[in-house]
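Structure file entry_9.cif; described as mmCIF, C-alpha atoms.
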data_entry
loop_
_atom_site.group_PDB
_atom_site.id
_atom_site.type_symbol
_atom_site.label_atom_id
_atom_site.label_comp_id
_atom_site.auth_asym_id
_atom_site.auth_seq_id
_atom_site.Cartn_x
_atom_site.Cartn_y
_atom_site.Cartn_z
ATOM 1 C CA MET A 3 -87.397 180.664 82.465
ATOM 2 C CA SER A 4 -87.644 178.792 79.171
ATOM 3 C CA CYS A 5 -86.846 181.918 77.136
ATOM 4 C CA ALA A 6 -83.730 182.632 79.201
ATOM 5 C CA ALA A 7 -82.613 179.007 78.922
ATOM 6 C CA ALA A 8 -83.147 179.085 75.143
ATOM 7 C CA ALA A 9 -81.158 182.320 74.856
ATOM 8 C CA ILE A 10 -78.288 180.739 76.814
ATOM 9 C CA ARG A 11 -78.283 177.755 74.473
ATOM 10 C CA LEU A 12 -77.951 180.134 71.511
ATOM 11 C CA ILE A 13 -75.497 182.572 73.110
ATOM 12 C CA PRO A 14 -73.926 180.979 76.218
ATOM 13 C CA ILE A 15 -72.330 184.174 77.477
ATOM 14 C CA PHE A 16 -75.350 186.521 77.099
ATOM 15 C CA PRO A 17 -75.454 188.329 80.483
ATOM 16 C CA PRO A 18 -79.165 189.210 80.652
ATOM 17 C CA ALA A 19 -80.187 185.624 80.016
ATOM 18 C CA GLN A 20 -77.800 184.311 82.675
ATOM 19 C CA PHE A 21 -79.099 186.662 85.359
ATOM 20 C CA ILE A 22 -82.768 186.374 84.396
ATOM 21 C CA LEU A 23 -82.488 182.588 84.561
ATOM 22 C CA ALA A 24 -80.944 182.904 88.028
ATOM 23 C CA ALA A 25 -83.762 185.255 89.087
ATOM 24 C CA CYS A 26 -86.387 182.846 87.754
ATOM 25 C CA HIS A 27 -84.905 179.994 89.747
ATOM 26 C CA ALA A 28 -84.742 182.166 92.875
ATOM 27 C CA ALA A 29 -88.356 183.280 92.481
ATOM 28 C CA SER A 30 -89.378 179.637 92.029
ATOM 29 C CA GLY A 31 -87.693 178.603 95.260
ATOM 30 C CA ARG A 32 -84.769 176.858 93.576
ATOM 31 C CA VAL A 33 -82.259 178.910 95.542
ATOM 32 C CA GLU A 34 -79.242 176.617 95.163
ATOM 33 C CA GLU A 35 -79.665 176.487 91.385
ATOM 34 C CA ALA A 36 -80.158 180.275 91.289
ATOM 35 C CA GLN A 37 -76.997 180.842 93.293
ATOM 36 C CA ARG A 38 -75.009 178.435 91.121
ATOM 37 C CA ILE A 39 -76.087 180.181 87.925
ATOM 38 C CA CYS A 40 -75.524 183.645 89.388
ATOM 39 C CA ALA A 41 -72.060 182.731 90.716
ATOM 40 C CA HIS A 42 -71.071 181.446 87.280
ATOM 41 C CA ALA A 43 -72.444 184.569 85.597
ATOM 42 C CA MET A 44 -70.646 186.833 88.091
ATOM 43 C CA GLN A 45 -67.362 185.112 87.185
ATOM 44 C CA LEU A 46 -68.000 186.019 83.547
ATOM 45 C CA PHE A 47 -69.383 189.493 84.262
ATOM 46 C CA PRO A 48 -68.027 190.657 87.641
ATOM 47 C CA ASN A 49 -69.167 194.268 87.250
ATOM 48 C CA LYS A 50 -72.873 193.520 86.806
ATOM 49 C CA ARG A 51 -75.181 194.865 89.504
ATOM 50 C CA ILE A 52 -78.885 194.647 90.257
ATOM 51 C CA ALA A 53 -79.439 198.243 89.135
ATOM 52 C CA ALA A 54 -78.292 197.302 85.633
ATOM 53 C CA TYR A 55 -81.460 195.215 85.315
ATOM 54 C CA THR A 56 -83.943 197.275 87.326
ATOM 55 C CA SER A 57 -83.077 200.949 86.838
ATOM 56 C CA ARG A 58 -84.925 201.332 83.544
ATOM 57 C CA MET A 59 -87.992 199.339 84.488
ATOM 58 C CA ARG A 60 -91.145 201.452 84.534
ATOM 59 C CA ARG A 61 -93.160 199.362 86.949
ATOM 60 C CA LEU A 62 -91.588 199.722 90.361
ATOM 61 C CA ASP A 63 -93.351 196.645 91.745
ATOM 62 C CA GLU A 64 -91.871 194.465 88.999
ATOM 63 C CA ALA A 65 -88.450 196.086 89.441
ATOM 64 C CA GLU A 66 -88.529 195.271 93.151
ATOM 65 C CA MET A 67 -89.605 191.664 92.481
ATOM 66 C CA LEU A 68 -86.693 191.231 90.069
ATOM 67 C CA ALA A 69 -84.281 192.925 92.476
ATOM 68 C CA GLN A 70 -85.376 190.631 95.302
ATOM 69 C CA ALA A 71 -84.932 187.525 93.156
ATOM 70 C CA LEU A 72 -81.479 188.693 92.051
ATOM 71 C CA ARG A 73 -80.517 189.330 95.706
ATOM 72 C CA ILE A 74 -81.561 185.797 96.609
ATOM 73 C CA ALA A 75 -79.496 184.510 93.680
ATOM 74 C CA GLY A 76 -76.481 186.406 95.009
ATOM 75 C CA MET A 77 -76.093 189.353 92.667
ATOM 76 C CA PRO A 78 -74.533 192.434 94.296
ATOM 77 C CA GLU A 79 -76.467 195.665 94.677
#
Write out the structure in this file as structure tokens.
Amino acid sequence: MSCAAAAIRLIPIFPPAQFILAACHAASGRVEEAQRICAHAMQLFPNKRIAAYTSRMRRLDEAEMLAQALRIAGMPE
């Protein structure tokens, strides 16, 4: 979470950092914050989808954990 937040401070419109921060909040149970961050990021990057962040992951268990967190945050499939 701290790395994503630091990346956003350096480059405020960096899509991976926005969505990873949302996923971190979702996985930590901070659903409202996750959804707020994800909604803002989706306004900036409306074509982003979960597969963009999970399709190249080698560990399927980690890919599914990230996908679940992104779903909770509100990112489309």
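Residue nearest A:Ala36, chosen from A:Leu12, A:Pro48, A:Phe21, A:Ser4 and counting only C-alpha atoms: A:Phe21.
With all atoms listed in the file as the basis for measurement, A:Gln37 is the residue among A:Gln37, A:Gln45, A:Ser30, A:Thr56 that approaches A:Ala75 most closely.
If you look at atom CA of A:Arg61 and atom CA of A:Ala7, they are 24.3 Å away from each other.
With all atoms listed in the file as the atoms that count, the residue of A:Met77, A:Ile10, A:Met3, A:Ile15 with the shortest distance to A:Ala41 is A:Met77.
Nearest residue to A:Met67 among A:Asn49, A:Pro17, A:Ala9, A:Cys26 is A:Cys26, counting all atoms listed in the file.
With only the atoms specified (all atoms listed in the file) counting, those residues at most 10 Å away from (-78.0, 186.8, 85.1) are Ala6, Ile15, Phe16, Pro17, Pro18, Ala19, Gln20, Phe21, Ile22, Leu23, Ala24, Ala25, Cys26, Ala36, Ile39, Cys40, Ala41, His42, Ala43, Met44, Phe47, Lys50, Arg51, Ile52, Tyr55, Leu72, Ala75 and Met77 of chain A.
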Axis-aligned box for all listed atoms of stretch 61-76 of chain A, 3 Å per side, centre and edges in Å to one decimal, as JSON:
{"center_x": -84.9, "center_y": 192.1, "center_z": 91.8, "size_x": 22.9, "size_y": 21.2, "size_z": 15.7}
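For the atom pair formed by atom CA of A:Ile74 and atom CA of A:Ser57, the distance is 18.1 Å, given to one decimal.
Of the residues under consideration (A:Cys5, A:Leu46, A:Ala29, A:Ile13), A:Ala29 shows the shortest atom-to-atom contact distance to A:Gln70 when counting all atoms listed in the file.
In this comparison, which uses only C-alpha atoms, the residue of A:Ala54, A:Glu79, A:Met59, A:Ala71 approaching A:Arg32 most closely is A:Ala71.
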Item checked: Interatomic distance, atom CA of A:Ala28 to atom CA of A:Leu62 (Å, one decimal) -> 19.0 Å
All heavy atoms are needed for stretch 61-72 of chain A; please write them out as a compact mmCIF listing (two decimals), keeping the file's coordinate frame.
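part38.txt written:
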# COMPACT_ATOMS: atom_id res chain seq x y z
N ARG A 61 -92.29 199.80 85.85
CA ARG A 61 -93.16 199.36 86.95
C ARG A 61 -92.30 199.04 88.16
O ARG A 61 -91.54 198.07 88.16
CB ARG A 61 -93.97 198.15 86.51
CG ARG A 61 -94.93 198.53 85.38
CD ARG A 61 -96.00 197.54 85.18
NE ARG A 61 -96.68 197.24 86.42
CZ ARG A 61 -97.59 196.29 86.53
NH1 ARG A 61 -97.91 195.57 85.49
NH2 ARG A 61 -98.17 196.05 87.68
N LEU A 62 -92.42 199.87 89.17
CA LEU A 62 -91.59 199.72 90.36
C LEU A 62 -91.83 198.41 91.09
O LEU A 62 -90.89 197.83 91.64
CB LEU A 62 -91.81 200.90 91.30
CG LEU A 62 -91.40 202.26 90.75
CD1 LEU A 62 -91.66 203.35 91.78
CD2 LEU A 62 -89.94 202.26 90.33
N ASP A 63 -93.07 197.91 91.08
CA ASP A 63 -93.35 196.64 91.74
C ASP A 63 -92.62 195.49 91.06
O ASP A 63 -92.06 194.61 91.72
CB ASP A 63 -94.85 196.38 91.83
CG ASP A 63 -95.55 196.36 90.47
OD1 ASP A 63 -95.08 197.05 89.53
OD2 ASP A 63 -96.57 195.66 90.35
N GLU A 64 -92.59 195.50 89.74
CA GLU A 64 -91.87 194.46 89.00
C GLU A 64 -90.36 194.61 89.18
O GLU A 64 -89.65 193.60 89.29
CB GLU A 64 -92.23 194.50 87.52
CG GLU A 64 -93.66 194.07 87.26
CD GLU A 64 -94.04 194.17 85.81
OE1 GLU A 64 -93.24 194.63 84.98
OE2 GLU A 64 -95.19 193.77 85.49
N ALA A 65 -89.88 195.85 89.21
CA ALA A 65 -88.45 196.09 89.44
C ALA A 65 -88.04 195.55 90.81
O ALA A 65 -86.98 194.92 90.94
CB ALA A 65 -88.13 197.57 89.33
N GLU A 66 -88.86 195.76 91.82
CA GLU A 66 -88.53 195.27 93.15
C GLU A 66 -88.59 193.74 93.22
O GLU A 66 -87.76 193.11 93.88
CB GLU A 66 -89.45 195.89 94.20
CG GLU A 66 -89.08 195.49 95.62
CD GLU A 66 -87.60 195.69 95.98
OE1 GLU A 66 -86.98 196.69 95.58
OE2 GLU A 66 -87.05 194.81 96.68
N MET A 67 -89.54 193.13 92.52
CA MET A 67 -89.60 191.66 92.48
C MET A 67 -88.35 191.09 91.84
O MET A 67 -87.78 190.12 92.34
CB MET A 67 -90.85 191.20 91.73
CG MET A 67 -92.13 191.37 92.51
SD MET A 67 -93.66 190.95 91.64
CE MET A 67 -93.21 189.77 90.43
N LEU A 68 -87.91 191.69 90.74
CA LEU A 68 -86.69 191.23 90.07
C LEU A 68 -85.48 191.46 90.96
O LEU A 68 -84.64 190.57 91.10
CB LEU A 68 -86.51 191.95 88.73
CG LEU A 68 -85.23 191.62 87.96
CD1 LEU A 68 -85.14 190.12 87.67
CD2 LEU A 68 -85.16 192.42 86.68
N ALA A 69 -85.41 192.63 91.59
CA ALA A 69 -84.28 192.92 92.48
C ALA A 69 -84.21 191.92 93.62
O ALA A 69 -83.13 191.43 93.96
CB ALA A 69 -84.40 194.35 93.02
N GLN A 70 -85.36 191.59 94.20
CA GLN A 70 -85.38 190.63 95.30
C GLN A 70 -84.90 189.26 94.85
O GLN A 70 -84.12 188.59 95.53
CB GLN A 70 -86.77 190.55 95.92
CG GLN A 70 -86.85 189.64 97.11
CD GLN A 70 -85.92 190.05 98.26
OE1 GLN A 70 -85.62 191.23 98.44
NE2 GLN A 70 -85.44 189.09 99.01
N ALA A 71 -85.35 188.83 93.68
CA ALA A 71 -84.93 187.52 93.16
C ALA A 71 -83.43 187.52 92.88
O ALA A 71 -82.75 186.54 93.17
CB ALA A 71 -85.72 187.19 91.89
N LEU A 72 -82.91 188.62 92.33
CA LEU A 72 -81.48 188.69 92.05
C LEU A 72 -80.66 188.71 93.36
O LEU A 72 -79.57 188.15 93.41
CB LEU A 72 -81.16 189.91 91.19
CG LEU A 72 -81.65 189.81 89.74
CD1 LEU A 72 -81.52 191.15 89.04
CD2 LEU A 72 -80.89 188.72 88.99
